[in-house]
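Enquirer: Contents of model17.cif (mmCIF, C-alpha atoms):
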data_protein
loop_
_atom_site.label_atom_id
_atom_site.label_comp_id
_atom_site.auth_asym_id
_atom_site.auth_seq_id
_atom_site.Cartn_x
_atom_site.Cartn_y
_atom_site.Cartn_z
CA MET A 1 0.00 0.00 0.00
CA ILE A 2 1.28 3.45 -0.97
CA GLY A 3 -0.01 6.57 0.74
CA PRO A 4 -1.51 7.36 4.15
CA LEU A 5 -1.88 4.58 6.71
CA VAL A 6 -3.86 6.77 9.10
CA GLU A 7 -6.27 9.68 8.96
CA PRO A 8 -4.15 12.83 8.51
CA GLU A 9 -6.11 14.58 11.27
CA SER A 10 -4.88 11.97 13.74
CA VAL A 11 -1.23 13.07 13.50
CA PRO A 12 0.34 16.29 14.82
CA GLU A 13 -0.58 19.31 12.73
CA TRP A 14 2.99 19.85 11.54
CA LEU A 15 3.09 16.33 10.06
CA ARG A 16 -0.28 16.40 8.28
CA PRO A 17 0.92 17.91 4.98
CA LEU A 18 3.32 15.01 4.46
CA VAL A 19 0.73 12.37 5.31
CA LYS A 20 -1.78 13.96 2.93
CA VAL A 21 0.65 14.39 0.03
CA SER A 22 1.86 10.78 0.32
CA ALA A 23 -1.27 9.79 -1.61
CA GLU A 24 -0.33 12.02 -4.55
CA VAL A 25 3.39 11.41 -5.14
CA ASP A 26 5.19 8.83 -7.24
CA SER A 27 8.82 7.77 -7.51
CA LYS A 28 9.57 10.59 -9.98
CA THR A 29 8.79 13.09 -7.22
CA PHE A 30 11.95 11.92 -5.45
CA THR A 31 14.35 10.50 -8.04
CA ARG A 32 15.04 10.41 -11.74
CA PHE A 33 16.37 6.86 -11.46
CA SER A 34 14.33 3.79 -12.34
CA PRO A 35 15.50 0.17 -12.47
CA PRO A 36 16.58 -1.13 -15.88
CA GLU A 37 14.01 -3.36 -17.53
CA ASN A 38 14.21 -6.94 -16.22
CA ALA A 39 16.91 -5.92 -13.74
CA TYR A 40 17.04 -7.67 -10.37
CA THR A 41 16.52 -5.30 -7.47
CA ARG A 42 16.79 -6.05 -3.76
CA PRO A 43 13.85 -4.91 -1.63
CA ALA A 44 14.73 -2.61 1.27
CA ALA A 45 13.06 -0.03 3.50
CA VAL A 46 14.03 2.98 5.57
CA LEU A 47 12.27 4.48 8.57
CA ILE A 48 11.73 8.23 8.35
CA LEU A 49 10.93 8.83 11.98
CA PHE A 50 9.59 12.23 13.01
CA GLY A 51 9.40 13.19 16.67
CA GLU A 52 9.13 16.25 18.84
CA ARG A 53 11.98 17.67 20.88
CA GLU A 54 11.30 17.41 24.60
CA ALA A 55 12.61 20.91 25.28
CA ASP A 56 10.31 22.87 22.97
CA GLY A 57 8.04 20.45 21.13
CA GLU A 58 9.60 21.34 17.77
CA PRO A 59 9.74 18.51 15.18
CA ASP A 60 12.90 16.54 14.56
CA ILE A 61 13.99 13.50 12.57
CA LEU A 62 16.15 10.48 13.36
CA LEU A 63 19.40 10.01 11.44
CA GLN A 64 22.45 7.81 11.87
CA ARG A 65 26.04 7.90 10.65
CA ARG A 66 27.37 4.62 9.37
CA ALA A 67 30.65 3.29 10.73
CA ASP A 68 33.79 4.41 8.91
CA THR A 69 35.00 0.80 8.74
CA LEU A 70 32.12 -0.52 6.62
CA GLY A 71 32.84 -1.82 3.15
CA SER A 72 30.09 0.21 1.50
CA HIS A 73 28.67 3.67 2.26
CA ALA A 74 31.23 4.02 5.06
CA GLY A 75 30.74 7.14 7.16
CA GLN A 76 27.62 8.21 5.30
CA VAL A 77 24.53 9.54 7.05
CA ALA A 78 21.35 7.56 6.49
CA PHE A 79 17.90 6.87 7.77
CA PRO A 80 17.68 3.65 9.79
CA GLY A 81 16.93 0.83 7.38
CA GLY A 82 18.24 -1.96 5.24
CA GLY A 83 17.42 -5.00 3.18
CA ALA A 84 14.23 -6.97 3.64
CA GLU A 85 14.36 -10.30 5.42
CA GLU A 86 12.01 -13.24 5.41
CA GLY A 87 9.42 -12.73 8.11
CA ASP A 88 9.37 -8.92 7.93
CA GLY A 89 5.93 -8.98 6.41
CA GLY A 90 6.60 -6.01 4.16
CA PRO A 91 8.44 -2.67 4.18
CA ILE A 92 6.96 -1.46 7.47
CA GLY A 93 8.25 -4.54 9.26
CA THR A 94 11.64 -4.17 7.59
CA ALA A 95 11.95 -0.50 8.54
CA LEU A 96 10.97 -1.08 12.19
CA ARG A 97 13.25 -4.11 12.57
CA GLU A 98 16.24 -2.33 11.10
CA ALA A 99 15.65 0.78 13.20
CA GLU A 100 15.57 -1.31 16.35
CA GLU A 101 18.71 -3.23 15.38
CA GLU A 102 20.66 -0.10 14.42
CA THR A 103 19.48 2.60 16.82
CA GLY A 104 17.63 0.85 19.65
CA VAL A 105 14.28 2.41 18.75
CA VAL A 106 11.44 0.61 20.54
CA PRO A 107 8.98 -0.31 17.74
CA SER A 108 5.93 -0.20 20.02
CA GLY A 109 6.42 3.55 20.43
CA VAL A 110 6.51 4.17 16.68
CA ARG A 111 3.36 4.84 14.69
CA PRO A 112 3.76 4.32 10.92
CA VAL A 113 1.65 6.97 9.19
CA ALA A 114 2.41 6.67 5.45
CA VAL A 115 4.32 4.63 2.90
CA LEU A 116 6.08 6.36 0.02
CA PRO A 117 6.74 4.89 -3.45
CA GLU A 118 9.61 2.47 -3.93
CA LEU A 119 12.82 4.26 -4.95
CA PHE A 120 15.61 2.68 -6.96
CA VAL A 121 19.19 3.28 -5.76
CA PRO A 122 21.53 2.45 -8.70
CA VAL A 123 24.76 2.25 -6.69
CA SER A 124 23.43 -0.58 -4.50
CA GLY A 125 20.68 -2.10 -6.63
CA PHE A 126 18.21 -1.68 -3.77
CA ALA A 127 14.57 -0.79 -4.33
CA VAL A 128 13.94 1.23 -1.16
CA THR A 129 10.51 1.89 0.33
CA PRO A 130 10.49 4.89 2.70
CA VAL A 131 8.13 4.50 5.65
CA LEU A 132 7.01 7.72 7.33
CA ALA A 133 6.33 7.42 11.05
CA HIS A 134 5.52 9.50 14.11
CA TRP A 135 7.47 8.82 17.29
CA ALA A 136 4.44 8.68 19.55
CA GLU A 137 6.39 7.36 22.54
CA PRO A 138 10.07 8.26 22.14
CA SER A 139 12.72 5.88 23.46
CA PRO A 140 16.45 6.40 24.02
CA VAL A 141 18.57 5.75 20.94
CA HIS A 142 22.23 4.88 20.47
CA ALA A 143 24.59 3.10 18.10
CA VAL A 144 23.65 -0.50 18.91
CA ASP A 145 26.56 -2.02 16.98
CA PRO A 146 29.56 0.35 16.64
CA GLY A 147 30.80 -1.89 13.84
CA GLU A 148 27.84 -0.74 11.76
CA THR A 149 26.77 2.60 13.22
CA ALA A 150 29.09 5.37 14.40
CA SER A 151 26.44 7.66 15.87
CA VAL A 152 22.72 8.33 16.09
CA ALA A 153 21.13 11.77 16.28
CA ARG A 154 17.77 13.49 16.44
CA VAL A 155 18.12 16.47 14.12
CA ALA A 156 15.72 19.41 14.34
CA ILE A 157 13.76 20.21 11.19
CA ALA A 158 14.47 23.90 11.88
CA ASP A 159 18.20 23.19 11.62
CA LEU A 160 17.82 21.23 8.38
CA VAL A 161 15.95 24.07 6.69
CA ASP A 162 18.33 26.75 7.96
CA PRO A 163 19.88 28.17 4.75
CA ALA A 164 23.27 28.32 6.48
CA ASN A 165 23.28 24.50 6.71
CA ARG A 166 22.39 23.73 3.08
CA PHE A 167 24.41 23.61 -0.15
CA THR A 168 24.88 21.51 -3.29
CA VAL A 169 27.65 18.99 -3.89
CA GLN A 170 29.10 17.69 -7.14
CA LYS A 171 31.66 14.98 -7.72
CA LYS A 172 34.54 16.13 -9.89
CA GLY A 173 34.36 14.68 -13.38
CA ALA A 174 30.82 13.38 -12.93
CA PRO A 175 27.54 14.90 -14.14
CA TRP A 176 25.75 14.13 -10.86
CA LYS A 177 25.11 16.82 -8.30
CA GLY A 178 22.66 16.96 -5.45
CA PRO A 179 21.64 18.64 -2.20
CA ALA A 180 23.66 18.36 0.98
CA PHE A 181 23.36 19.41 4.61
CA GLU A 182 25.89 19.96 7.36
CA VAL A 183 24.00 20.01 10.62
CA GLY A 184 24.35 18.63 14.13
CA GLY A 185 27.84 17.34 13.43
CA LEU A 186 26.57 15.37 10.41
CA PHE A 187 27.38 15.71 6.70
CA VAL A 188 24.34 14.50 4.76
CA TRP A 189 24.48 13.86 1.01
CA GLY A 190 23.47 11.33 -1.62
CA PHE A 191 20.20 9.37 -1.42
CA THR A 192 19.41 10.53 2.12
CA ALA A 193 19.94 14.22 1.37
CA GLY A 194 17.91 14.00 -1.81
CA LEU A 195 15.01 12.36 -0.01
CA LEU A 196 15.25 14.81 2.88
CA SER A 197 15.27 17.79 0.52
CA VAL A 198 12.04 16.70 -1.16
CA LEU A 199 10.35 15.88 2.14
CA LEU A 200 11.20 19.29 3.58
CA SER A 201 9.60 20.90 0.55
CA LEU A 202 6.49 18.68 0.56
CA GLY A 203 6.06 19.20 4.29
CA GLY A 204 5.98 22.97 3.86
CA TRP A 205 9.11 23.56 5.93
CA GLU A 206 11.58 24.64 3.24
CA ARG A 207 13.12 28.10 3.38
CA ASP A 208 14.89 29.89 0.54
CA TRP A 209 18.50 28.72 0.31
CA ASP A 210 21.40 29.18 -2.08
CA SER A 211 21.15 26.20 -4.44
CA GLY A 212 23.90 27.87 -6.47
CA ASP A 213 26.41 27.20 -3.70
CA VAL A 214 28.00 24.17 -5.40
CA ARG A 215 30.94 22.50 -3.65
CA ASP A 216 33.21 19.68 -4.73
CA LEU A 217 32.02 16.62 -2.82
CA ASP A 218 35.46 15.22 -2.00
CA GLU A 219 36.77 18.58 -0.83
CA ALA A 220 33.67 19.28 1.26
CA LEU A 221 33.85 15.84 2.86
CA ALA A 222 37.55 16.23 3.63
CA ALA A 223 36.96 19.61 5.26
CA TYR A 224 34.07 18.19 7.30
CA LYS A 225 36.12 15.23 8.50
CA ALA A 226 39.02 17.44 9.51
CA ARG A 227 36.71 19.79 11.37
CA VAL A 228 34.21 17.38 12.97
CA VAL A 229 34.99 13.66 12.69
CA GLY A 230 38.64 14.10 13.61
CA GLY A 231 37.60 15.80 16.82
CA GLU A 232 35.34 12.99 18.04
#
I need this file expressed as C-alpha cells, please.
Expert:
Amino acid sequence: MIGPLVEPESVPEWLRPLVKVSAEVDSKTFTRFSPPENAYTRPAAVLILFGEREADGEPDILLQRRADTLGSHAGQVAFPGGGAEEGDGGPIGTALREAEEETGVVPSGVRPVAVLPELFVPVSGFAVTPVLAHWAEPSPVHAVDPGETASVARVAIADLVDPANRFTVQKKGAPWKGPAFEVGGLFVWGFTAGLLSVLLSLGGWERDWDSGDVRDLDEALAAYKARVVGGE
C-alpha cells in the first residue's frame, strides 16, 4: 500500500501535509532513477521517523552515521533501514526491525503513518521503500553495533531548513550533483539528502537557500572530517 496509513487529522498538525501528500506522489517526485528493464533489485526499507523535541516540542527526525570501517557507504549519514528479510511482512516490518537493530528504537512507540513509493538506488541495486512514522512514545537511541553505526542523532527540522546549513555537492568529473546538509555534526548527502530535501519541501518547511552554492564533494567531505569527525 502506498499513501496514508492513518487519517491525517490523527497526527500532529505539523506532520499532516506530508501524510496527505503521500497519496499524490510517485517515484519521480523523489528521483530520476528507475531500475533497468528486467533488472534484479533487492527490496529494502528505511524508517523516516519524526518526533518532537522534549525541550520545545519542535519537530525533529532520526538520522544515523554509518561506521567508517564498513565496506560500502562508510561514514555516510542515512535513515535507519536496510534490506528486507524473510518474516518482515513487508516494508513497514523491515523499517521497524532495522531501526531497532541499528538505533535501539522501541517499535511499540513508533506509529507508521504513510508509505512512500519504492525508490531505486543504482549504486546498490536496492529498491527502497520509505516509511514515514511518528514517534508517539520516544525511546532512548544509540549506536547499537559500533561496527555498523558510528552515531545516532535526532536532528531538528528547523536546523535542516536553515539556509546556512544547506548547499549543493558535485563529484569532480561526474555529471551528478545533489543537495547536501551539514547540521548537528553530520554531513548528509546522496540518497538521504535528496530524499530529505524533497520531504522538507512537501512538508511545507523549506526556506529559501542558495542552491547555487556548489561544492566539490570530495573537498567538502575532507573539510568536514578534519573539522568534525577528527575531533570525536
Enquirer: Box time for range 202-208 of chain A: axis-aligned, enclosing all its listed atoms, 6 Å extra on each side; report centre and edge lengths in Å to one decimal, as AutoDock Vina command-line options.
Expert:
--center_x 10.4 --center_y 24.3 --center_z 3.2 --size_x 20.9 --size_y 23.2 --size_z 17.4
Enquirer: Interatomic distance between CA of Gly93 in chain A and CA of Glu118 in chain A?
Expert: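 Calculated distance between CA of Gly93 in chain A and CA of Glu118 in chain A is 15.0 Å.
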Enquirer: Taking all atoms listed in the file into account, name the residue in A:Arg42, A:Gly89, A:Ala78, A:Pro117 that is nearest to Gly3 in chain A.
Expert: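 Among the listed residues, A:Pro117 lies closest to Gly3 in chain A.
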Enquirer: Take the PyMOL selection byres ((chain A and resi 45) around 7), run it mentally on this structure, and tell me the resulting residues as a list in words.
Expert: Ala44, Val46, Leu47, Gly81, Gly82, Gly83, Pro91, Thr94, Ala95, Val128, Thr129 and Pro130 of chain A
Enquirer: For the structure shown, which residues end up in the PyMOL selection byres ((chain A and resi 16) around 12)? Put them as a PyMOL selection string, please?
Expert: chain A and resi 4+6-15+17-23+50+113-114+132-134+202-204
Enquirer: Around the point (17.4, 15.8, 12.2) (coordinates from the file), which residues reach within 7 Å if we count all atoms listed in the file? Answer as a PyMOL selection string.
Expert: chain A and resi 60-63+153-157+160
Enquirer: For the structure shown, which residues end up in the PyMOL selection byres ((chain A and resi 122) around 12)? Put them as number ranges by chain, please?
Expert: A: 31-36, 39-42, 119-121, 123-128, 190-191
Enquirer: Counting all atoms listed in the file, which of A:Pro59, A:Gly194, A:Pro179, A:Pro163 gets nearest to Asp208 in chain A?
Expert: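 Once distances to Asp208 in chain A are computed over all atoms listed in the file, the minimum belongs to A:Pro163.
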Enquirer: Could you tell me which of A:Gly212, A:Glu86, A:Lys225, A:Val161 comes closest to Ser197 in chain A if we count all atoms listed in the file?
Expert: A:Val161
Enquirer: Between A:Tyr224, A:Val214, A:Thr103, A:Asp26, which one has atoms that come closest to Glu148 in chain A, using all atoms listed in the file?
Expert: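 Going through A:Tyr224, A:Val214, A:Thr103, A:Asp26 one by one, the smallest distance to Glu148 in chain A is for A:Thr103.
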Enquirer: Between A:Arg111, A:Arg65, A:Lys177, A:Arg166, which residue has the minimum interatomic distance to Gly51 in chain A, considering only C-alpha atoms?
Expert: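 Smallest separation from Gly51 in chain A among the options: A:Arg111.
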Enquirer: Could you tell me which of A:Ala67, A:Leu196, A:Ala99, A:Val110 comes closest to Glu137 in chain A if we count all atoms listed in the file?
Expert: A:Val110
Enquirer: Might you pull out every residue within 10 Å of Glu219 in chain A, with all atoms listed in the file counted and same-chain residues fewer than 6 positions away left off, and present them as a ChimeraX atom specification?
Expert: /A:169-172,225
Enquirer: What is the distance between CA of Glu98 in chain A and CA of Pro80 in chain A, in Å to one decimal?
Expert: 6.3 Å
Enquirer: Compile the contact shell of Ser139 in chain A as a PyMOL selection string: residues with an atom at most 7 Å away, counting only C-alpha atoms, same-chain residues fewer than 2 positions apart removed.
Expert: chain A and resi 105-106+137+141
Enquirer: Separation of CA of Ala55 in chain A and CA of Pro112 in chain A, in Å?
Expert: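 Value for the CA of Ala55 in chain A-CA of Pro112 in chain A distance: 23.7 Å.
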Enquirer: Could you please give me, as a ChimeraX atom specification, the residues of protein, DNA or RNA lying at most 8 Å from (10.0, 13.2, -4.6) in the coordinate frame of the file, considering only C-alpha atoms?
Expert: /A:25-31,195,198-199
Enquirer: Give me a file of those residues, with C-alpha atoms, as a PDB file, in the frame of the given file.
Expert:
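Writing done, so here's out35.pdb:
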ATOM      1  CA  VAL A  25       3.390  11.410  -5.140  1.00  0.00           C
ATOM      2  CA  ASP A  26       5.190   8.830  -7.240  1.00  0.00           C
ATOM      3  CA  SER A  27       8.820   7.770  -7.510  1.00  0.00           C
ATOM      4  CA  LYS A  28       9.570  10.590  -9.980  1.00  0.00           C
ATOM      5  CA  THR A  29       8.790  13.090  -7.220  1.00  0.00           C
ATOM      6  CA  PHE A  30      11.950  11.920  -5.450  1.00  0.00           C
ATOM      7  CA  THR A  31      14.350  10.500  -8.040  1.00  0.00           C
ATOM      8  CA  LEU A 195      15.010  12.360  -0.010  1.00  0.00           C
ATOM      9  CA  VAL A 198      12.040  16.700  -1.160  1.00  0.00           C
ATOM     10  CA  LEU A 199      10.350  15.880   2.140  1.00  0.00           C
TER      11      LEU A 199
END
Enquirer: Would you fill the gaps in range 166-177 of chain A so it has all heavy atoms, then print it as a JSON list (two decimals), in the frame of the given file?
Expert:
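Output (selection23.json):
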[["chain", "number", "residue", "atom", "x", "y", "z"],
["A", 166, "ARG", "N", 22.71, 24.42, 4.33],
["A", 166, "ARG", "CA", 22.39, 23.73, 3.08],
["A", 166, "ARG", "C", 23.29, 24.21, 1.94],
["A", 166, "ARG", "O", 23.65, 25.38, 1.86],
["A", 166, "ARG", "CB", 20.93, 23.97, 2.70],
["A", 166, "ARG", "CG", 19.94, 23.54, 3.75],
["A", 166, "ARG", "CD", 18.51, 23.57, 3.21],
["A", 166, "ARG", "NE", 18.33, 22.58, 2.17],
["A", 166, "ARG", "CZ", 17.15, 22.31, 1.60],
["A", 166, "ARG", "NH1", 16.07, 23.00, 1.96],
["A", 166, "ARG", "NH2", 17.05, 21.38, 0.68],
["A", 167, "PHE", "N", 23.63, 23.28, 1.04],
["A", 167, "PHE", "CA", 24.41, 23.61, -0.15],
["A", 167, "PHE", "C", 24.26, 22.46, -1.14],
["A", 167, "PHE", "O", 23.51, 21.50, -0.88],
["A", 167, "PHE", "CB", 25.89, 23.85, 0.21],
["A", 167, "PHE", "CG", 26.50, 22.78, 1.07],
["A", 167, "PHE", "CD1", 27.23, 21.74, 0.52],
["A", 167, "PHE", "CD2", 26.37, 22.83, 2.45],
["A", 167, "PHE", "CE1", 27.81, 20.75, 1.31],
["A", 167, "PHE", "CE2", 26.94, 21.85, 3.26],
["A", 167, "PHE", "CZ", 27.66, 20.81, 2.69],
["A", 168, "THR", "N", 24.92, 22.56, -2.26],
["A", 168, "THR", "CA", 24.88, 21.51, -3.29],
["A", 168, "THR", "C", 26.28, 20.93, -3.44],
["A", 168, "THR", "O", 27.27, 21.66, -3.36],
["A", 168, "THR", "CB", 24.40, 22.10, -4.63],
["A", 168, "THR", "OG1", 23.08, 22.64, -4.46],
["A", 168, "THR", "CG2", 24.36, 21.04, -5.72],
["A", 169, "VAL", "N", 26.35, 19.63, -3.66],
["A", 169, "VAL", "CA", 27.65, 18.99, -3.89],
["A", 169, "VAL", "C", 27.69, 18.35, -5.28],
["A", 169, "VAL", "O", 26.66, 17.92, -5.81],
["A", 169, "VAL", "CB", 27.96, 17.92, -2.81],
["A", 169, "VAL", "CG1", 28.22, 18.57, -1.47],
["A", 169, "VAL", "CG2", 26.83, 16.89, -2.70],
["A", 170, "GLN", "N", 28.89, 18.30, -5.83],
["A", 170, "GLN", "CA", 29.10, 17.69, -7.14],
["A", 170, "GLN", "C", 30.42, 16.96, -7.13],
["A", 170, "GLN", "O", 31.42, 17.49, -6.62],
["A", 170, "GLN", "CB", 29.07, 18.75, -8.24],
["A", 170, "GLN", "CG", 29.20, 18.17, -9.64],
["A", 170, "GLN", "CD", 28.93, 19.22, -10.71],
["A", 170, "GLN", "OE1", 29.10, 20.42, -10.48],
["A", 170, "GLN", "NE2", 28.50, 18.78, -11.89],
["A", 171, "LYS", "N", 30.42, 15.76, -7.67],
["A", 171, "LYS", "CA", 31.66, 14.98, -7.72],
["A", 171, "LYS", "C", 32.43, 15.36, -8.97],
["A", 171, "LYS", "O", 31.88, 15.37, -10.08],
["A", 171, "LYS", "CB", 31.36, 13.49, -7.70],
["A", 171, "LYS", "CG", 32.56, 12.63, -7.37],
["A", 171, "LYS", "CD", 32.16, 11.22, -7.04],
["A", 171, "LYS", "CE", 33.36, 10.35, -6.69],
["A", 171, "LYS", "NZ", 34.07, 10.82, -5.50],
["A", 172, "LYS", "N", 33.70, 15.68, -8.79],
["A", 172, "LYS", "CA", 34.54, 16.13, -9.89],
["A", 172, "LYS", "C", 34.55, 15.09, -11.02],
["A", 172, "LYS", "O", 34.75, 13.91, -10.79],
["A", 172, "LYS", "CB", 35.96, 16.38, -9.39],
["A", 172, "LYS", "CG", 36.87, 17.11, -10.36],
["A", 172, "LYS", "CD", 38.20, 17.43, -9.71],
["A", 172, "LYS", "CE", 38.02, 18.39, -8.53],
["A", 172, "LYS", "NZ", 39.33, 18.75, -7.92],
["A", 173, "GLY", "N", 34.32, 15.56, -12.23],
["A", 173, "GLY", "CA", 34.36, 14.68, -13.38],
["A", 173, "GLY", "C", 33.09, 13.89, -13.61],
["A", 173, "GLY", "O", 33.02, 13.07, -14.52],
["A", 174, "ALA", "N", 32.07, 14.11, -12.80],
["A", 174, "ALA", "CA", 30.82, 13.38, -12.93],
["A", 174, "ALA", "C", 29.68, 14.37, -13.13],
["A", 174, "ALA", "O", 29.71, 15.48, -12.60],
["A", 174, "ALA", "CB", 30.56, 12.53, -11.69],
["A", 175, "PRO", "N", 28.65, 13.98, -13.89],
["A", 175, "PRO", "CA", 27.54, 14.90, -14.14],
["A", 175, "PRO", "C", 26.61, 15.05, -12.94],
["A", 175, "PRO", "O", 25.84, 16.01, -12.87],
["A", 175, "PRO", "CB", 26.80, 14.25, -15.31],
["A", 175, "PRO", "CG", 27.11, 12.78, -15.17],
["A", 175, "PRO", "CD", 28.51, 12.72, -14.63],
["A", 176, "TRP", "N", 26.69, 14.10, -11.99],
["A", 176, "TRP", "CA", 25.75, 14.13, -10.86],
["A", 176, "TRP", "C", 26.05, 15.28, -9.90],
["A", 176, "TRP", "O", 27.20, 15.58, -9.59],
["A", 176, "TRP", "CB", 25.84, 12.81, -10.09],
["A", 176, "TRP", "CG", 25.01, 12.83, -8.82],
["A", 176, "TRP", "CD1", 23.70, 12.51, -8.69],
["A", 176, "TRP", "CD2", 25.45, 13.22, -7.51],
["A", 176, "TRP", "NE1", 23.28, 12.67, -7.38],
["A", 176, "TRP", "CE2", 24.33, 13.10, -6.65],
["A", 176, "TRP", "CE3", 26.67, 13.65, -6.99],
["A", 176, "TRP", "CZ2", 24.41, 13.41, -5.29],
["A", 176, "TRP", "CZ3", 26.75, 13.97, -5.64],
["A", 176, "TRP", "CH2", 25.63, 13.84, -4.80],
["A", 177, "LYS", "N", 25.00, 15.91, -9.43],
["A", 177, "LYS", "CA", 25.11, 16.82, -8.30],
["A", 177, "LYS", "C", 23.80, 16.77, -7.54],
["A", 177, "LYS", "O", 22.75, 16.41, -8.11],
["A", 177, "LYS", "CB", 25.44, 18.25, -8.73],
["A", 177, "LYS", "CG", 24.38, 18.97, -9.54],
["A", 177, "LYS", "CD", 24.86, 20.38, -9.86],
["A", 177, "LYS", "CE", 23.84, 21.12, -10.72],
["A", 177, "LYS", "NZ", 24.30, 22.51, -11.03]]
